[in-house]
$ cat protein_11.cif   # mmCIF, C-alpha atoms
data_protein
#
loop_
_atom_site.group_PDB
_atom_site.id
_atom_site.type_symbol
_atom_site.label_atom_id
_atom_site.label_comp_id
_atom_site.auth_asym_id
_atom_site.auth_seq_id
_atom_site.Cartn_x
_atom_site.Cartn_y
_atom_site.Cartn_z
ATOM 1 C CA MET A 1 -38.858 -25.097 29.614
ATOM 2 C CA ASN A 2 -37.692 -21.564 29.050
ATOM 3 C CA ARG A 3 -38.362 -20.616 25.416
ATOM 4 C CA ARG A 4 -34.953 -18.962 24.945
ATOM 5 C CA LEU A 5 -33.160 -22.014 26.322
ATOM 6 C CA TRP A 6 -35.221 -24.271 24.067
ATOM 7 C CA GLN A 7 -34.275 -22.154 21.056
ATOM 8 C CA ARG A 8 -30.593 -22.330 22.000
ATOM 9 C CA LEU A 9 -30.741 -26.077 22.378
ATOM 10 C CA THR A 10 -32.484 -26.585 19.047
ATOM 11 C CA MET A 11 -30.132 -24.121 17.337
ATOM 12 C CA GLY A 12 -27.187 -26.031 18.830
ATOM 13 C CA ARG A 13 -28.504 -29.240 17.367
ATOM 14 C CA HIS A 14 -28.965 -27.520 14.023
ATOM 15 C CA ARG A 15 -25.465 -26.044 14.224
ATOM 16 C CA SER A 16 -23.729 -29.361 14.720
ATOM 17 C CA GLN A 17 -25.872 -30.940 12.037
ATOM 18 C CA LEU A 18 -25.115 -28.078 9.669
ATOM 19 C CA GLU A 19 -21.382 -28.371 10.364
ATOM 20 C CA GLY A 20 -21.601 -32.070 9.543
ATOM 21 C CA ASP A 21 -23.500 -31.334 6.327
ATOM 22 C CA LEU A 22 -20.910 -28.738 5.307
ATOM 23 C CA ARG A 23 -18.020 -31.139 5.936
ATOM 24 C CA ASP A 24 -19.825 -33.820 3.907
ATOM 25 C CA TYR A 25 -20.471 -31.357 1.114
ATOM 26 C CA TYR A 26 -16.865 -30.149 0.835
ATOM 27 C CA ASN A 27 -15.462 -33.653 1.188
ATOM 28 C CA SER A 28 -17.722 -35.052 -1.528
ATOM 29 C CA ALA A 29 -17.756 -32.161 -3.988
ATOM 30 C CA PHE A 30 -14.095 -31.139 -3.831
ATOM 31 C CA ASP A 31 -12.285 -34.265 -2.780
ATOM 32 C CA THR A 32 -9.634 -34.799 -5.435
ATOM 33 C CA GLY A 33 -7.845 -37.530 -3.538
ATOM 34 C CA TRP A 34 -4.164 -38.018 -4.161
ATOM 35 C CA ASP A 35 -3.567 -37.626 -7.838
ATOM 36 C CA VAL A 36 -0.042 -38.618 -8.868
ATOM 37 C CA GLU A 37 -0.352 -36.803 -12.192
ATOM 38 C CA ILE A 38 -1.253 -33.515 -10.496
ATOM 39 C CA GLU A 39 1.609 -33.941 -8.059
ATOM 40 C CA GLY A 40 4.001 -34.640 -10.939
ATOM 41 C CA ARG A 41 2.909 -31.606 -12.926
ATOM 42 C CA ILE A 42 3.163 -29.269 -9.960
ATOM 43 C CA HIS A 43 6.509 -30.758 -8.947
ATOM 44 C CA ALA A 44 7.880 -30.200 -12.456
ATOM 45 C CA ARG A 45 6.710 -26.604 -12.415
ATOM 46 C CA VAL A 46 8.273 -25.950 -9.020
ATOM 47 C CA SER A 47 11.527 -27.627 -10.106
ATOM 48 C CA ARG A 48 11.705 -25.322 -13.115
ATOM 49 C CA ALA A 49 11.136 -22.329 -10.839
ATOM 50 C CA ILE A 50 13.921 -23.449 -8.490
ATOM 51 C CA ALA A 51 16.306 -23.985 -11.408
ATOM 52 C CA THR A 52 15.547 -20.515 -12.746
ATOM 53 C CA GLN A 53 16.045 -19.012 -9.309
ATOM 54 C CA ARG A 54 19.450 -20.729 -8.916
ATOM 55 C CA THR A 55 20.597 -19.531 -12.318
ATOM 56 C CA THR A 56 19.576 -15.995 -11.499
ATOM 57 C CA SER A 57 21.133 -15.936 -8.051
ATOM 58 C CA ARG A 58 24.393 -17.434 -9.359
ATOM 59 C CA VAL A 59 25.239 -14.146 -11.084
ATOM 60 C CA PRO A 60 27.832 -12.569 -8.765
ATOM 61 C CA GLY A 61 27.099 -9.085 -7.519
ATOM 62 C CA SER A 62 23.503 -9.240 -8.691
ATOM 63 C CA ILE A 63 20.648 -7.408 -7.023
ATOM 64 C CA PHE A 64 19.658 -10.707 -5.348
ATOM 65 C CA HIS A 65 23.043 -10.950 -3.621
ATOM 66 C CA LEU A 66 22.874 -7.328 -2.518
ATOM 67 C CA LYS A 67 19.383 -7.819 -1.158
ATOM 68 C CA ARG A 68 20.268 -11.035 0.624
ATOM 69 C CA PHE A 69 23.504 -9.920 2.255
ATOM 70 C CA MET A 70 22.933 -6.240 2.898
ATOM 71 C CA GLY A 71 19.192 -5.993 3.336
ATOM 72 C CA PRO A 72 16.607 -4.464 1.022
ATOM 73 C CA HIS A 73 17.191 -0.848 2.065
ATOM 74 C CA VAL A 74 20.951 -0.833 1.566
ATOM 75 C CA ALA A 75 20.513 -2.671 -1.732
ATOM 76 C CA ALA A 76 17.974 -0.084 -2.876
ATOM 77 C CA VAL A 77 20.324 2.794 -1.952
ATOM 78 C CA ILE A 78 23.250 1.165 -3.773
ATOM 79 C CA CYS A 79 21.147 0.530 -6.874
ATOM 80 C CA ALA A 80 19.807 4.078 -6.835
ATOM 81 C CA GLY A 81 23.381 5.395 -6.521
ATOM 82 C CA ALA A 82 24.525 3.242 -9.409
ATOM 83 C CA VAL A 83 21.674 4.476 -11.584
ATOM 84 C CA LEU A 84 22.425 8.105 -10.676
ATOM 85 C CA LEU A 85 26.125 7.667 -11.458
ATOM 86 C CA ALA A 86 25.329 6.085 -14.799
ATOM 87 C CA PHE A 87 22.853 8.841 -15.580
ATOM 88 C CA GLY A 88 25.349 11.502 -14.529
ATOM 89 C CA GLY A 89 27.993 9.942 -16.748
ATOM 90 C CA MET A 90 25.616 10.016 -19.670
ATOM 91 C CA ILE A 91 24.882 13.694 -19.051
ATOM 92 C CA ASP A 92 28.603 14.542 -18.807
ATOM 93 C CA GLY A 93 29.334 12.627 -21.965
ATOM 94 C CA GLY A 94 26.591 14.443 -23.777
ATOM 95 C CA ARG A 95 27.915 17.842 -22.638
ATOM 96 C CA GLY A 96 31.447 17.021 -23.774
ATOM 97 C CA GLY A 97 30.267 16.050 -27.202
ATOM 98 C CA SER A 98 28.110 19.124 -27.628
ATOM 99 C CA GLN A 99 30.908 21.446 -26.513
ATOM 100 C CA ALA A 100 33.264 19.974 -29.089
ATOM 101 C CA GLN A 101 30.763 20.411 -31.832
ATOM 102 C CA VAL A 102 29.350 23.856 -30.993
ATOM 103 C CA GLN A 103 32.584 25.575 -30.046
ATOM 104 C CA PRO A 104 32.331 29.020 -31.625
ATOM 105 C CA THR A 105 35.254 30.424 -33.546
ATOM 106 C CA SER A 106 35.971 33.855 -34.940
ATOM 107 C CA SER A 107 36.989 32.880 -38.421
ATOM 108 C CA PRO A 108 35.362 30.216 -40.565
ATOM 109 C CA ARG A 109 38.757 28.916 -41.736
ATOM 110 C CA THR A 110 39.690 27.601 -38.309
ATOM 111 C CA VAL A 111 36.420 25.663 -37.863
ATOM 112 C CA GLN A 112 37.155 22.077 -38.637
ATOM 113 C CA PRO A 113 35.463 18.996 -37.261
ATOM 114 C CA ALA A 114 37.580 16.813 -35.000
ATOM 115 C CA ARG A 115 37.157 13.741 -37.178
ATOM 116 C CA SER A 116 38.389 15.541 -40.306
ATOM 117 C CA ASN A 117 41.465 16.783 -38.325
ATOM 118 C CA ALA A 118 42.293 13.294 -37.289
ATOM 119 C CA ASN A 119 41.811 12.029 -40.803
ATOM 120 C CA ALA A 120 44.061 14.767 -42.082
ATOM 121 C CA LYS A 121 46.807 13.816 -39.619
ATOM 122 C CA LEU A 122 46.404 10.180 -40.505
ATOM 123 C CA SER A 123 46.553 10.925 -44.190
ATOM 124 C CA LEU A 124 49.695 12.982 -43.678
ATOM 125 C CA VAL A 125 51.325 10.202 -41.755
ATOM 126 C CA SER A 126 50.363 7.622 -44.296
ATOM 127 C CA VAL A 127 51.546 9.715 -47.229
ATOM 128 C CA GLN A 128 55.040 10.149 -45.853
ATOM 129 C CA PRO A 129 57.116 7.169 -46.925
ATOM 130 C CA PRO A 130 59.373 5.495 -44.397
ATOM 131 C CA THR A 131 62.963 6.609 -44.567
ATOM 132 C CA SER A 132 64.267 3.152 -45.385
ATOM 133 C CA VAL A 133 61.944 2.894 -48.375
ATOM 134 C CA ALA A 134 62.920 6.396 -49.524
ATOM 135 C CA MET A 135 66.573 5.483 -49.275
ATOM 136 C CA ALA A 136 66.019 2.317 -51.285
ATOM 137 C CA VAL A 137 64.179 4.275 -53.962
ATOM 138 C CA MET B 1 5.696 -30.464 1.974
ATOM 139 C CA TYR B 2 3.725 -31.610 -1.100
ATOM 140 C CA GLU B 3 2.266 -34.680 0.549
ATOM 141 C CA GLU B 4 1.060 -32.674 3.518
ATOM 142 C CA CYS B 5 -0.182 -29.564 1.771
ATOM 143 C CA LEU B 6 -1.171 -30.461 -1.789
ATOM 144 C CA PRO B 7 -4.526 -32.198 -1.107
ATOM 145 C CA VAL B 8 -5.600 -29.409 1.244
ATOM 146 C CA VAL B 9 -4.505 -26.650 -1.118
ATOM 147 C CA LEU B 10 -6.196 -28.340 -4.083
ATOM 148 C CA LYS B 11 -9.452 -28.756 -2.185
ATOM 149 C CA TYR B 12 -9.327 -25.129 -1.052
ATOM 150 C CA MET B 13 -8.615 -23.970 -4.609
ATOM 151 C CA LEU B 14 -11.457 -26.048 -6.021
ATOM 152 C CA ALA B 15 -13.817 -24.671 -3.426
ATOM 153 C CA ARG B 16 -12.794 -21.130 -4.405
ATOM 154 C CA VAL B 17 -12.592 -21.291 -8.206
ATOM 155 C CA ARG B 18 -14.824 -24.326 -9.094
ATOM 156 C CA ASP B 19 -12.656 -25.183 -12.079
ATOM 157 C CA PRO B 20 -10.288 -28.183 -11.743
ATOM 158 C CA VAL B 21 -7.847 -26.984 -14.424
ATOM 159 C CA LEU B 22 -7.679 -23.461 -13.025
ATOM 160 C CA ALA B 23 -7.414 -24.845 -9.496
ATOM 161 C CA GLU B 24 -4.417 -26.946 -10.470
ATOM 162 C CA ASP B 25 -2.797 -24.014 -12.231
ATOM 163 C CA LEU B 26 -3.267 -21.772 -9.202
ATOM 164 C CA ALA B 27 -2.055 -24.539 -6.876
ATOM 165 C CA GLY B 28 1.128 -24.743 -8.965
ATOM 166 C CA ASP B 29 1.502 -20.995 -8.606
ATOM 167 C CA VAL B 30 1.046 -21.324 -4.846
ATOM 168 C CA PHE B 31 3.758 -23.978 -4.481
ATOM 169 C CA GLU B 32 6.113 -22.055 -6.746
ATOM 170 C CA ARG B 33 5.783 -19.046 -4.457
ATOM 171 C CA ALA B 34 5.998 -21.237 -1.371
ATOM 172 C CA VAL B 35 9.292 -22.782 -2.469
ATOM 173 C CA ARG B 36 10.745 -19.385 -3.279
ATOM 174 C CA ALA B 37 9.594 -17.942 0.039
ATOM 175 C CA TRP B 38 10.526 -21.003 2.100
ATOM 176 C CA PRO B 39 13.689 -19.327 3.588
ATOM 177 C CA THR B 40 11.445 -16.629 5.039
ATOM 178 C CA PHE B 41 9.096 -19.122 6.751
ATOM 179 C CA GLU B 42 9.442 -18.479 10.478
ATOM 180 C CA HIS B 43 7.639 -21.623 11.702
ATOM 181 C CA ARG B 44 5.139 -19.587 13.710
ATOM 182 C CA SER B 45 2.370 -21.741 12.218
ATOM 183 C CA SER B 46 2.163 -25.117 10.525
ATOM 184 C CA PRO B 47 3.443 -25.350 6.925
ATOM 185 C CA THR B 48 -0.115 -26.057 5.731
ATOM 186 C CA THR B 49 -1.422 -22.863 7.304
ATOM 187 C CA TRP B 50 1.477 -20.926 5.851
ATOM 188 C CA VAL B 51 0.910 -22.339 2.348
ATOM 189 C CA LEU B 52 -2.842 -21.662 2.641
ATOM 190 C CA GLY B 53 -1.981 -18.051 3.462
ATOM 191 C CA ILE B 54 -0.139 -17.880 0.145
ATOM 192 C CA ALA B 55 -3.105 -19.616 -1.539
ATOM 193 C CA HIS B 56 -5.451 -16.978 -0.113
ATOM 194 C CA HIS B 57 -3.344 -14.208 -1.675
ATOM 195 C CA VAL B 58 -3.055 -16.045 -4.997
ATOM 196 C CA VAL B 59 -6.843 -16.534 -5.263
ATOM 197 C CA SER B 60 -7.539 -12.937 -4.241
ATOM 198 C CA HIS B 61 -5.061 -11.730 -6.863
ATOM 199 C CA HIS B 62 -6.695 -13.981 -9.463
ATOM 200 C CA TRP B 63 -10.177 -12.613 -8.786
ATOM 201 C CA ARG B 64 -8.893 -9.058 -8.828
ATOM 202 C CA LYS B 65 -7.276 -9.776 -12.182
ATOM 203 C CA VAL B 66 -10.330 -11.283 -13.858
ATOM 204 C CA ARG B 67 -12.715 -8.969 -11.960
ATOM 205 C CA THR B 68 -15.379 -11.649 -11.569
ATOM 206 C CA GLN B 69 -16.543 -13.642 -8.652
ATOM 207 C CA PRO B 70 -17.573 -17.292 -8.607
ATOM 208 C CA VAL B 71 -21.321 -17.551 -8.891
ATOM 209 C CA GLN B 72 -21.638 -21.273 -9.472
ATOM 210 C CA VAL B 73 -21.290 -23.663 -6.596
ATOM 211 C CA ALA B 74 -20.046 -27.120 -7.506
ATOM 212 C CA GLU B 75 -22.684 -29.770 -7.839
ATOM 213 C CA VAL B 76 -22.215 -32.934 -5.899
ATOM 214 C CA PRO B 77 -21.986 -35.962 -8.170
ATOM 215 C CA ALA B 78 -24.078 -38.772 -6.744
ATOM 216 C CA GLU B 79 -21.171 -41.207 -6.986
ATOM 217 C CA HIS B 80 -19.031 -38.945 -4.758
ATOM 218 C CA ILE B 81 -21.365 -39.305 -1.804
ATOM 219 C CA ASP B 82 -19.892 -41.683 0.709
ATOM 220 C CA THR B 83 -22.350 -44.572 0.599
ATOM 221 C CA ASN B 84 -20.374 -47.191 2.469
ATOM 222 C CA GLU B 85 -22.585 -49.136 4.856
ATOM 223 C CA ALA B 86 -25.610 -46.928 4.160
ATOM 224 C CA THR B 87 -29.103 -47.999 3.277
ATOM 225 C CA PRO B 88 -30.665 -46.600 0.082
ATOM 226 C CA GLU B 89 -32.814 -44.259 2.195
ATOM 227 C CA GLU B 90 -29.716 -42.913 3.955
ATOM 228 C CA GLN B 91 -27.945 -42.452 0.627
ATOM 229 C CA VAL B 92 -30.839 -40.415 -0.741
ATOM 230 C CA GLU B 93 -30.974 -38.409 2.466
ATOM 231 C CA ARG B 94 -27.241 -37.606 2.298
ATOM 232 C CA TYR B 95 -27.530 -36.559 -1.309
ATOM 233 C CA ASP B 96 -30.472 -34.324 -0.447
ATOM 234 C CA ASP B 97 -28.504 -32.748 2.409
ATOM 235 C CA ALA B 98 -25.533 -32.026 0.152
ATOM 236 C CA GLU B 99 -27.794 -30.594 -2.532
ATOM 237 C CA ARG B 100 -29.580 -28.422 0.014
ATOM 238 C CA VAL B 101 -26.253 -27.072 1.301
ATOM 239 C CA ARG B 102 -25.091 -26.416 -2.251
ATOM 240 C CA ARG B 103 -28.181 -24.368 -3.074
ATOM 241 C CA VAL B 104 -27.793 -22.279 0.054
ATOM 242 C CA LEU B 105 -24.048 -21.757 -0.377
ATOM 243 C CA ALA B 106 -24.625 -20.353 -3.859
ATOM 244 C CA HIS B 107 -26.270 -17.300 -2.288
ATOM 245 C CA LEU B 108 -23.361 -16.461 0.016
ATOM 246 C CA PRO B 109 -20.846 -13.729 -0.863
ATOM 247 C CA ALA B 110 -17.336 -14.786 -1.885
ATOM 248 C CA LYS B 111 -15.763 -13.763 1.431
ATOM 249 C CA GLU B 112 -18.151 -15.904 3.413
ATOM 250 C CA GLN B 113 -17.640 -18.823 1.042
ATOM 251 C CA GLU B 114 -13.902 -18.477 1.575
ATOM 252 C CA LEU B 115 -14.359 -18.579 5.322
ATOM 253 C CA LEU B 116 -16.384 -21.779 5.042
ATOM 254 C CA ALA B 117 -13.869 -23.286 2.617
ATOM 255 C CA LEU B 118 -11.037 -22.662 5.074
ATOM 256 C CA ARG B 119 -13.068 -24.004 7.972
ATOM 257 C CA PHE B 120 -14.650 -27.073 6.389
ATOM 258 C CA ALA B 121 -12.737 -27.848 3.166
ATOM 259 C CA ALA B 122 -9.242 -27.172 4.488
ATOM 260 C CA ASP B 123 -10.361 -28.183 7.997
ATOM 261 C CA LEU B 124 -8.456 -25.388 9.731
ATOM 262 C CA SER B 125 -8.871 -24.247 13.307
ATOM 263 C CA PHE B 126 -10.035 -20.698 14.101
ATOM 264 C CA ARG B 127 -6.474 -19.797 15.015
ATOM 265 C CA ASP B 128 -5.114 -21.062 11.691
ATOM 266 C CA ILE B 129 -7.832 -19.276 9.719
ATOM 267 C CA ALA B 130 -6.882 -16.084 11.555
ATOM 268 C CA ALA B 131 -3.258 -16.641 10.509
ATOM 269 C CA VAL B 132 -4.276 -17.204 6.886
ATOM 270 C CA LEU B 133 -6.549 -14.172 6.665
ATOM 271 C CA GLU B 134 -4.227 -12.044 8.826
ATOM 272 C CA VAL B 135 -6.982 -11.062 11.239
ATOM 273 C CA ARG B 136 -7.566 -11.751 14.938
ATOM 274 C CA GLU B 137 -8.876 -15.106 16.080
ATOM 275 C CA VAL B 138 -11.872 -13.439 17.753
ATOM 276 C CA THR B 139 -12.796 -11.819 14.448
ATOM 277 C CA VAL B 140 -12.761 -15.193 12.711
ATOM 278 C CA ARG B 141 -14.927 -16.757 15.427
ATOM 279 C CA VAL B 142 -17.468 -13.955 15.130
ATOM 280 C CA ARG B 143 -17.527 -14.099 11.334
ATOM 281 C CA VAL B 144 -17.933 -17.876 11.238
ATOM 282 C CA HIS B 145 -20.694 -17.666 13.832
ATOM 283 C CA ARG B 146 -22.529 -15.070 11.752
ATOM 284 C CA VAL B 147 -22.162 -17.086 8.557
ATOM 285 C CA MET B 148 -23.437 -20.221 10.259
ATOM 286 C CA ARG B 149 -26.402 -18.363 11.726
ATOM 287 C CA ARG B 150 -27.179 -16.962 8.302
ATOM 288 C CA LEU B 151 -26.925 -20.413 6.753
ATOM 289 C CA GLU B 152 -29.262 -21.831 9.392
ATOM 290 C CA ARG B 153 -31.861 -19.193 8.619
ATOM 291 C CA MET B 154 -31.532 -19.762 4.883
ATOM 292 C CA LEU B 155 -31.868 -23.511 5.362
ATOM 293 C CA LEU B 156 -35.012 -22.992 7.412
ATOM 294 C CA VAL B 157 -36.460 -20.972 4.527
ATOM 295 C CA VAL B 158 -35.429 -23.635 2.005
ATOM 296 C CA GLU B 159 -36.947 -26.366 4.109
ATOM 297 C CA GLY B 160 -40.098 -24.279 4.443
#
$ encode --input "protein_11.cif" --output "structure tokens"
Amino acid sequence: MNRRLWQRLTMGRHRSQLEGDLRDYYNSAFDTGWDVEIEGRIHARVSRAIATQRTTSRVPGSIFHLKRFMGPHVAAVICAGAVLLAFGGMIDGGRGGSQAQVQPTSSPRTVQPARSNANAKLSLVSVQPPTSVAMAV
Amino acid sequence: MYEECLPVVLKYMLARVRDPVLAEDLAGDVFERAVRAWPTFEHRSSPTTWVLGIAHHVVSHHWRKVRTQPVQVAEVPAEHIDTNEATPEEQVERYDDAERVRRVLAHLPAKEQELLALRFAADLSFRDIAAVLEVREVTVRVRVHRVMRRLERMLLVVEG
């Protein structure tokens, strides 16, 4: 018989035998069977994950809703816009505050902090007695 | 889904990580992800294949995280060998075969061990393995053929 053919035939026999040995090995070494405890533990873990997911996705207008109903790209653009708006608002707020505090004035007498002005007005208002009380006195 | 997939996923995990506790933990992780991703399942493959695809990613992520590879290959307890209707000589022979395979498998790289685990532990077809590993079916056939040829040569050396 041709030597190459003989080799192929013997290798084929080895191959099927090896496949059988491998199946036996994996079935015997890693066969866990059907363990109810394992199933229970994994089921509990998955149930917790589902409950968490439901709680999270119940929040109306959340990122999950945006992603689900509008697609990931639109959701990303909307979120980025919201972040930019919030950031812009913070910057504007910061500028307003700094302008109020650093406003230069020519004479030191006119420089008064806004809070002290308000307090002064409040104190004036509170000092003035109501007319009815004044009349009674 | 559990009844169909859990035994296969557990066996695959055990074959990859060799630690029953870790295998169960990772299997839980796999099913957690599977349940979350279930709405995206397009039914292009069987649920088992789809879940094993997730398992493949989970194990790869785990090994990347711990930066080690499994070096030990599980020993075969003698009582796990199927000895129904076998003579004592056949029992010894089966145990020897399993032990021989174990010794040879220990020298294979992790990727090749994974291929064998998918093929013989999870009992997947070439097409399903290709779906799990996200490669072409021809590639899987070639890789499995090379691994088997390598195993044959190693076994010949072991047998002397």
$ resolve_selection --input "protein_11.cif" --expression "the PyMOL selection byres ((chain B and resi 32-40) around 7)" --output "MDAnalysis selection string"
(chainID A and resid 46 49) or (chainID B and resid 28:31 41:42 51)
$ resolve_selection --input "protein_11.cif" --expression "the PyMOL selection byres ((chain B) within 9 of (chain A))" --output "PyMOL selection string"
chain B and resi 2-3+6-7+10-12+14-15+18+24-25+27-29+31-33+35-36+74-77+79-82+94+97-99+101-102+116-117+119-123+148-149+151-152
$ atom_distance --input "protein_11.cif" --atom1 "atom CA of Leu115 of chain B" --atom2 "atom CA of Leu155 of chain B"
18.2 Å
$ closest_residue --input "protein_11.cif" --among "B:Met154, B:Val8, B:Ala23, B:Met13" --to "Pro47 of chain B" --atoms "only C-alpha atoms"
B:Val8
$ atom_distance --input "protein_11.cif" --atom1 "atom CA of Val59 of chain B" --atom2 "atom CA of Val140 of chain B"
19.0 Å
$ atom_distance --input "protein_11.cif" --atom1 "atom CA of Glu137 of chain B" --atom2 "atom CA of Lys111 of chain B"
16.2 Å
$ closest_residue --input "protein_11.cif" --among "B:Arg103, B:Arg16, B:His56, B:Arg44" --to "Arg127 of chain B" --atoms "only C-alpha atoms"
B:Arg44
$ residues_around --input "protein_11.cif" --residues "Glu134 of chain B" --least-positions-apart "6" --cutoff "12 Å" --atoms "only C-alpha atoms" --output "list in words"
Thr49, Trp50, Leu52, Gly53, Ile54, His56, His57, Phe126, Arg127, Asp128 and Val140 of chain B
